[in-house]
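With compact mmCIF, C-alpha atoms inside, this is target12.txt:
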# COMPACT_ATOMS: atom_id res chain seq x y z
CA GLN R 8 -4.51 -14.32 -12.23
CA VAL R 9 -2.74 -11.37 -10.65
CA GLN R 10 0.52 -11.29 -8.72
CA LEU R 11 1.71 -8.43 -6.53
CA VAL R 12 5.35 -8.16 -5.50
CA GLU R 13 6.47 -5.66 -2.88
CA SER R 14 9.97 -4.30 -2.40
CA GLY R 15 11.72 -1.56 -0.47
CA GLY R 16 11.17 -2.49 3.15
CA GLY R 17 13.93 -2.44 5.72
CA LEU R 18 15.27 -0.89 8.89
CA VAL R 19 15.32 2.86 9.36
CA GLN R 20 15.76 5.26 12.25
CA ALA R 21 12.90 7.37 13.52
CA GLY R 22 12.50 10.48 11.40
CA GLY R 23 13.86 8.75 8.33
CA SER R 24 12.24 7.81 5.04
CA LEU R 25 11.57 4.70 2.96
CA ARG R 26 9.86 4.07 -0.34
CA LEU R 27 7.95 0.88 -0.98
CA SER R 28 7.15 -0.40 -4.46
CA CYS R 29 4.53 -2.86 -5.62
CA GLU R 30 4.62 -4.30 -9.12
CA VAL R 31 1.61 -5.99 -10.65
CA SER R 32 1.97 -8.88 -13.09
CA GLY R 33 -0.46 -11.25 -14.74
CA SER R 34 -3.91 -9.90 -15.60
CA ILE R 35 -2.78 -6.34 -15.02
CA TYR R 36 -5.66 -4.65 -16.84
CA SER R 37 -8.19 -6.15 -14.44
CA ILE R 38 -6.77 -4.04 -11.59
CA ASN R 39 -8.41 -0.66 -11.00
CA ALA R 40 -7.20 0.09 -7.50
CA MET R 41 -4.02 -0.50 -5.51
CA GLY R 42 -3.37 0.02 -1.86
CA TRP R 43 -1.07 -0.50 1.07
CA TYR R 44 -2.11 -2.05 4.35
CA ARG R 45 0.01 -2.85 7.38
CA GLN R 46 -0.16 -5.22 10.29
CA GLY R 47 1.90 -4.73 13.41
CA PRO R 48 2.49 -7.37 16.10
CA GLY R 49 -0.78 -8.21 17.82
CA LYS R 50 -2.70 -5.71 15.72
CA GLN R 51 -5.32 -5.91 13.02
CA ARG R 52 -4.48 -5.14 9.43
CA GLU R 53 -5.13 -1.45 8.79
CA LEU R 54 -5.32 0.86 5.81
CA VAL R 55 -2.22 2.89 5.10
CA ALA R 56 -3.09 4.34 1.70
CA ALA R 57 -4.99 3.42 -1.44
CA ILE R 58 -5.36 4.89 -4.91
CA THR R 59 -7.50 4.28 -7.96
CA LEU R 60 -5.88 3.44 -11.28
CA THR R 61 -8.58 5.36 -13.11
CA SER R 62 -7.97 8.83 -14.52
CA ASP R 63 -9.02 10.65 -11.35
CA ALA R 64 -6.27 8.96 -9.24
CA SER R 65 -8.46 9.29 -6.15
CA ALA R 66 -6.57 8.47 -2.96
CA ASN R 67 -7.40 7.63 0.64
CA TYR R 68 -5.12 7.56 3.67
CA GLY R 69 -5.24 6.12 7.15
CA ASP R 70 -5.46 8.81 9.81
CA SER R 71 -2.14 7.91 11.39
CA VAL R 72 -0.14 8.52 8.20
CA LYS R 73 -1.82 11.57 6.73
CA GLY R 74 0.71 14.27 5.96
CA ARG R 75 3.65 11.85 6.23
CA PHE R 76 3.00 9.16 3.61
CA THR R 77 2.18 9.56 -0.07
CA ILE R 78 0.83 6.93 -2.43
CA SER R 79 1.40 7.18 -6.17
CA ARG R 80 1.19 4.97 -9.21
CA ASP R 81 2.89 4.58 -12.57
CA ILE R 82 0.34 2.89 -14.79
CA ALA R 83 2.81 2.44 -17.65
CA ILE R 84 4.89 0.02 -15.57
CA HIS R 85 2.03 -1.31 -13.46
CA THR R 86 3.59 -0.19 -10.21
CA ALA R 87 2.38 1.58 -7.09
CA TYR R 88 4.62 3.35 -4.60
CA LEU R 89 4.38 4.38 -0.99
CA GLN R 90 6.70 7.20 0.04
CA MET R 91 7.04 7.18 3.82
CA ASN R 92 8.56 10.22 5.52
CA SER R 93 8.99 11.19 9.16
CA LEU R 94 8.79 7.56 10.17
CA LYS R 95 7.95 6.68 13.76
CA PRO R 96 8.55 3.49 15.76
CA GLU R 97 4.81 2.87 15.71
CA ASP R 98 5.00 2.57 11.92
CA THR R 99 6.83 -0.72 12.42
CA ALA R 100 4.80 -3.45 10.72
CA VAL R 101 4.58 -5.78 7.78
CA TYR R 102 3.34 -3.75 4.85
CA TYR R 103 1.14 -5.49 2.29
CA CYS R 104 0.31 -4.38 -1.21
CA ALA R 105 -3.26 -4.97 -2.35
CA GLY R 106 -5.02 -4.87 -5.70
CA ASP R 107 -8.69 -4.88 -6.62
CA ARG R 108 -10.86 -4.97 -9.72
CA SER R 109 -13.11 -2.21 -8.40
CA PRO R 110 -11.90 1.37 -7.83
CA ASP R 111 -14.61 1.76 -5.17
CA VAL R 112 -12.57 -0.10 -2.55
CA VAL R 113 -10.30 2.91 -2.24
CA SER R 114 -12.98 4.85 -0.36
CA TYR R 115 -14.12 1.88 1.75
CA GLY R 116 -10.95 1.46 3.81
CA HIS R 117 -11.65 -2.18 4.72
CA PRO R 118 -9.06 -4.89 4.03
CA GLU R 119 -11.25 -6.95 1.71
CA TRP R 120 -9.35 -6.68 -1.51
CA ASP R 121 -9.11 -9.21 -4.32
CA TYR R 122 -5.34 -9.70 -4.37
CA TRP R 123 -2.50 -9.42 -1.88
CA GLY R 124 1.26 -9.44 -1.96
CA GLN R 125 3.44 -11.41 0.42
CA GLY R 126 4.34 -8.40 2.53
CA THR R 127 7.53 -6.54 3.31
CA GLN R 128 8.84 -5.74 6.78
CA VAL R 129 9.37 -2.12 7.83
CA THR R 130 11.13 -1.56 11.14
CA VAL R 131 11.61 1.90 12.61
CA SER R 132 14.07 2.16 15.47
CA SER R 133 13.86 4.85 18.13
Whole structure given in structure tokens:
Amino acid sequence: QVQLVESGGGLVQAGGSLRLSCEVSGSIYSINAMGWYRQGPGKQRELVAAITLTSDASANYGDSVKGRFTISRDIAIHTAYLQMNSLKPEDTAVYYCAGDRSPDVVSYGHPEWDYWGQGTQVTVSS
């Protein structure tokens, strides 16, 4: 079994920055991809960013965050990060960490991953 625990959400003013963390525990070596999705009020869950845990560290980003957000991972401590800069009010959402056994999901962009965290709220005020 795999558990994902997010941290780092909160309230920030527009233009500010936040960094989210997601730590994997349990069957950590079964995970080959990690990602971040978000779901705003009345909206569908959408891809924010995803990255493989293989040597190529291939990443994929949602169009609305390209150039502002950066995903990274520290395999030694089984943790993925999402650095969010130039935040906008429309970035307000619950952010979910996801993990999957296949690295291929990174390129797919769909929210059908094997494991999910509980979510962390990010609120950007104008």
Notebook entry, point to check: Pick the closest to Arg52 (chain R) from R:Gly17, R:Pro118, R:Pro96, R:Gly126: which is it, counting only C-alpha atoms?
Noted result: R:Pro118
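The interatomic distance for the pair CA of Val131 (chain R) and CA of Val55 (chain R) works out to 15.8 Å.
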Note to self: Rounded to one decimal, what separation in Å do you get between CA of Tyr102 (chain R) and CA of Gln20 (chain R)?
What the structure shows: 17.0 Å
Notebook entry, point to check: With only C-alpha atoms as the basis for distance, which of R:Ala105, R:Cys29, R:Ile58, R:Val12 is at the shortest distance from Ala87 (chain R)?
Noted result: R:Cys29
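Closest approach to Arg26 (chain R) from the set R:Thr99, R:Leu60, R:Leu89, R:Ile38 is made by R:Leu89, with distances taken over all atoms listed in the file.
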Next item on the list: Could you give me, as a list in words, the residues within 9 Å of region 68-80 of chain R, counting only C-alpha atoms and dropping anything in the same chain fewer than 2 positions from it?
Entry: Met41, Gly42, Trp43, Glu53, Leu54, Val55, Ala56, Ala57, Ile58, Thr59, Leu60, Ala64, Ala66, Ile82, Ala83, Ile84, His85, Thr86, Ala87, Tyr88, Leu89, Gln90, Met91, Asn92, Ser93, Leu94, Asp98 and Gly116 of chain R
Checklist line | Residue contacts of Gln128 (chain R) (12 Å, only C-alpha atoms) excluding same-chain residues fewer than 2 positions away, as a VMD selection string | finding: chain R and resid 13 to 19 25 27 44 to 48 98 to 104 125 to 126 130 to 131
Check: How many Å lie between CA of Asp81 (chain R) and CA of Ser62 (chain R), rounded to one decimal?
Finding: 11.8 Å
Checklist line | Given all atoms listed in the file as the counted atoms, nearest of R:Ser37, R:Ser114, R:Ser24, R:Ser32 to Gln10 (chain R) | finding: R:Ser32
Checklist line | For Gln51 (chain R), the nearest of the candidates R:Leu11, R:Ser133, R:His117, R:Asp111, counting all atoms listed in the file | finding: R:His117
